[in-house]
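Data first, discussion second: the structure below is written as structure tokens.
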Amino acid sequence: MIEKDYCMRNTPGFFINSKGQAQASSSVRLSSKDFEDNQHVAVYWLGGGGAMINSYGTILMIDPLLKGFDMPLLIDMVADTADIKRVDGYFVSHVDNDHYSRPTLTDLAPVTKEVHSSHYVASLMKEECGVNAYGHSWGDEVDINGVHVRFTPADHNWQSEFEEYNYRQWEKEEYSGFYITAHGRKIWYVGDSRLMEEQLHMEEPDVILFDFADNEYHIGLKNAYKLANTYPDSKLILIHWGTVDAPDMTPFNGNPDNVIKNVINPERVVVLRPGEAFVV
């Protein structure tokens with residue numbers, strides 16, 4: 001394990017709040033310019049597990065949660081759904097409501113060209129939101145204006161281990177990540193997942209949207225370091241932390257310091273404010 005005296009508590013990216021949570025610094029509101037063709041590929045953290053990619057004007061939303069979450073938040077939303085006028089591709093990694101936001105999808109569906117998820121979640125989108133989504137399996141590929149998206153494996157079917165959720169069979173394939181190639185830049189949204197062997201044999205991405213939650217149904221810190229150090233030159237944009245006011249719930253309480261102190265090339269760790277752009 002790599003240990004370095006390297007702390008970012010005083011950077012703009014985050015601070016430790018009175019409850020001991022690493023909390024993201026104040027949100028940056030998205031503007032109309034963030035949806036224009038700015039002649040680059042930019043990645044935005046939307047807070048929680050959400051992300052947006054603007055590839056030369058093509059807009060992808062991944063697990064956006066912009067309204068209606070059922071837990072108290074530590075951050076302000078980066079946009080009102082009414083302010084978003086166009087989404088080219090809307091992707092949802094799995095069914096959990098901090099990723100599949102029914103209110104957000106319902107509001108954005110009229111301005112969204114294509115919606116993609118697993119077969120199961122796509123069926124829920126039709127039933128619950130009246131949205132005709134495309135259902136996919138691992139390995140399926142989607143092309144949106146030349147931006148290529150491949151569904152990658154994830155292991156997060158935690159519902160299978162709890163009797164109250166035994167009203168159906170929860171399959172691993174209902175949970176996924178996304179490997180995105182945009183203008184030659186490779187961006188991997190790993191998704192909520194325990195570490196899988198397949199995840200250690202990817203083409204090295206330029207950027208990993210990196211969940212590092214120390215939780216038995218997420219990657220856990222030890223495996224987060226293993227995944228990060230498998231791809232030592234990939235930028236690590238930290239997600240799924242600093243957003244939810246739940247100090248006793250490990251899925252929401254990653255501390256960026258842990259990643260910075262324990263990965264090869266710690267300068268590649270990117271601590272964004274919600275709504276802030278990172279140009280790849």
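Each chain of the structure tokens is named A, B, ... in the order shown, its residues numbered from 1; ligands are numbered from 1 in display order.
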- Item | Exercise: Asp245 of chain A partners within 12 Å, only C-alpha atoms, chain neighbours under 3 positions left out, as a ChimeraX atom specification | /A:17-24,48,69-75,241-242,248-253
Enumerate, in order of chain and increasing residue number, the residues of segment 101-173 of chain A with an atom no farther than 10 Å from segment 199-212 of chain A, each with its shortest atom pair and distance in Å to one decimal, counting only C-alpha atoms, as a Markdown table.
```
| residue | atom | partner | partner_atom | distance |
| --- | --- | --- | --- | --- |
| A:Thr152 | CA | A:Gln199 | CA | 8.4 |
| A:Pro153 | CA | A:Gln199 | CA | 7.6 |
| A:Ala154 | CA | A:Gln199 | CA | 8.4 |
```
Written selection (N, CA and C atoms) as a compact mmCIF listing (two decimals), in the first residue's frame:
```txt
# COMPACT_ATOMS: atom_id res chain seq x y z
N THR A 152 -20.43 -2.27 -20.03
CA THR A 152 -19.40 -3.08 -19.38
C THR A 152 -19.94 -3.75 -18.13
N PRO A 153 -19.36 -4.88 -17.71
CA PRO A 153 -19.89 -5.63 -16.56
C PRO A 153 -19.79 -4.86 -15.25
N ALA A 154 -20.76 -5.10 -14.38
CA ALA A 154 -20.76 -4.60 -13.01
C ALA A 154 -21.40 -5.66 -12.12
```
- Task: Report the residues of segment 34-263 of chain A whose backbone DSSP state falls under helix (DSSP H, G or I), written as an NGL selection string.
- Result: :A and (34-35 or 81-83 or 102-111 or 119-129 or 158-161 or 163-165 or 172-174 or 197-200 or 221-230 or 250-252 or 256-262)
- Query: When distances are computed from only C-alpha atoms, which of A:Phe162, A:Trp138, A:Tyr167, A:Tyr179 shows the smallest separation from Ile62 of chain A?
  - Reply: A:Tyr179
- Which one of A:Gly68, A:Gly191, A:Gly135, A:Gly130 sits closest to Pro103 of chain A if you count only C-alpha atoms?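 Under the stated criterion, the closest residue is A:Gly68.
Here atom CA of Val95 of chain A and atom CA of Asn215 of chain A stand 17.9 Å from one another.
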- Point out the residue among A:Tyr134, A:Tyr217, A:Tyr231, A:Phe278 with the least atom-to-atom distance to Ile53 of chain A, counting only C-alpha atoms. A:Phe278
- Give the strand (DSSP E) residues of segment 120-272 of chain A, as DSSP finds them on the backbone, and put them as a PyMOL selection string. chain A and resi 134-136+141-144+147-153+176-182+185-189+207-211+235-239+269-270
- Message: Excluding segment 155-157 of chain A and its own-chain neighbours fewer than 6 positions away, which residues fall within 12 Å of it when counting only C-alpha atoms? Please give them as JSON, numbers by chain.
- Response: {"A": [93, 94, 95, 96, 138, 165, 166, 168, 169, 170, 171, 172, 173, 174, 175, 176, 177, 190, 191, 192, 193, 194, 195, 196, 197, 198, 199, 215, 216, 217, 218, 219, 251]}
- Distance of atom CA of Glu267 of chain A from atom CA of Asn255 of chain A, expressed in Å to one decimal place: 15.8 Å
- Task: Select, from A:Leu65, A:Val87, A:Met77, A:Leu236, the residue with the minimum atom-to-atom distance to His99 of chain A, counting only C-alpha atoms.
- Result: A:Leu65
- Selected residue, from A:His40, A:Gly49, A:Lys261, A:Pro256, that lies nearest to His240 of chain A when counting only C-alpha atoms: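 For His240 of chain A, the nearest of the candidates is A:Gly49.
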- Message: Can you pull out the residues contacting Gly275 of chain A? Cut-off 12 Å, using only C-alpha atoms, and skip same-chain residues under 5 positions away; I want them as a VMD selection string.
- Response: chain A and resid 13 24 to 31 34 42 to 48 50 to 53 64 66 75 to 79 239
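Using only C-alpha atoms, the shortest contact distance between Tyr90 of chain A and any of A:Val244, A:Leu124, A:Ile144, A:Cys129 is found at A:Ile144.
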- Query: Any idea what's packed within 8 Å of Ala182 of chain A, counting only C-alpha atoms, ignoring anything in its chain fewer than 6 positions away? Could you give it as an NGL selection string?
  - Reply: :A and (41 or 55 or 146-148)
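The space between atom CA of Pro110 of chain A and atom CA of Gly57 of chain A spans 18.6 Å.
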- Message: I want to know what sits within 10 Å of Arg268 of chain A, based on only C-alpha atoms, with residues of the same chain fewer than 2 positions away left out; could you give that as a ChimeraX atom specification?
- Response: /A:207,232-237,260,263-266,270-271
Could you write out that same residue set with C-alpha atoms as a PDB file, in the first residue's frame?
```pdb
ATOM      1  CA  VAL A 207     -10.405   9.047 -17.590  1.00  0.00           C
ATOM      2  CA  PRO A 232      -1.722   4.096 -13.441  1.00  0.00           C
ATOM      3  CA  ASP A 233      -1.990   6.814 -16.088  1.00  0.00           C
ATOM      4  CA  SER A 234      -5.778   7.203 -16.108  1.00  0.00           C
ATOM      5  CA  LYS A 235      -7.188  10.356 -14.579  1.00  0.00           C
ATOM      6  CA  LEU A 236      -9.524   9.514 -11.682  1.00  0.00           C
ATOM      7  CA  ILE A 237     -12.596  11.722 -11.426  1.00  0.00           C
ATOM      8  CA  ILE A 260      -4.856  10.406  -3.010  1.00  0.00           C
ATOM      9  CA  VAL A 263      -2.693   5.319  -5.597  1.00  0.00           C
ATOM     10  CA  ILE A 264       0.198   5.465  -8.000  1.00  0.00           C
ATOM     11  CA  ASN A 265       0.613   8.973  -9.444  1.00  0.00           C
ATOM     12  CA  PRO A 266      -1.735  10.684  -6.964  1.00  0.00           C
ATOM     13  CA  VAL A 270      -9.399  14.908  -9.952  1.00  0.00           C
ATOM     14  CA  VAL A 271     -11.644  16.330  -7.214  1.00  0.00           C
TER      15      VAL A 271
END
```
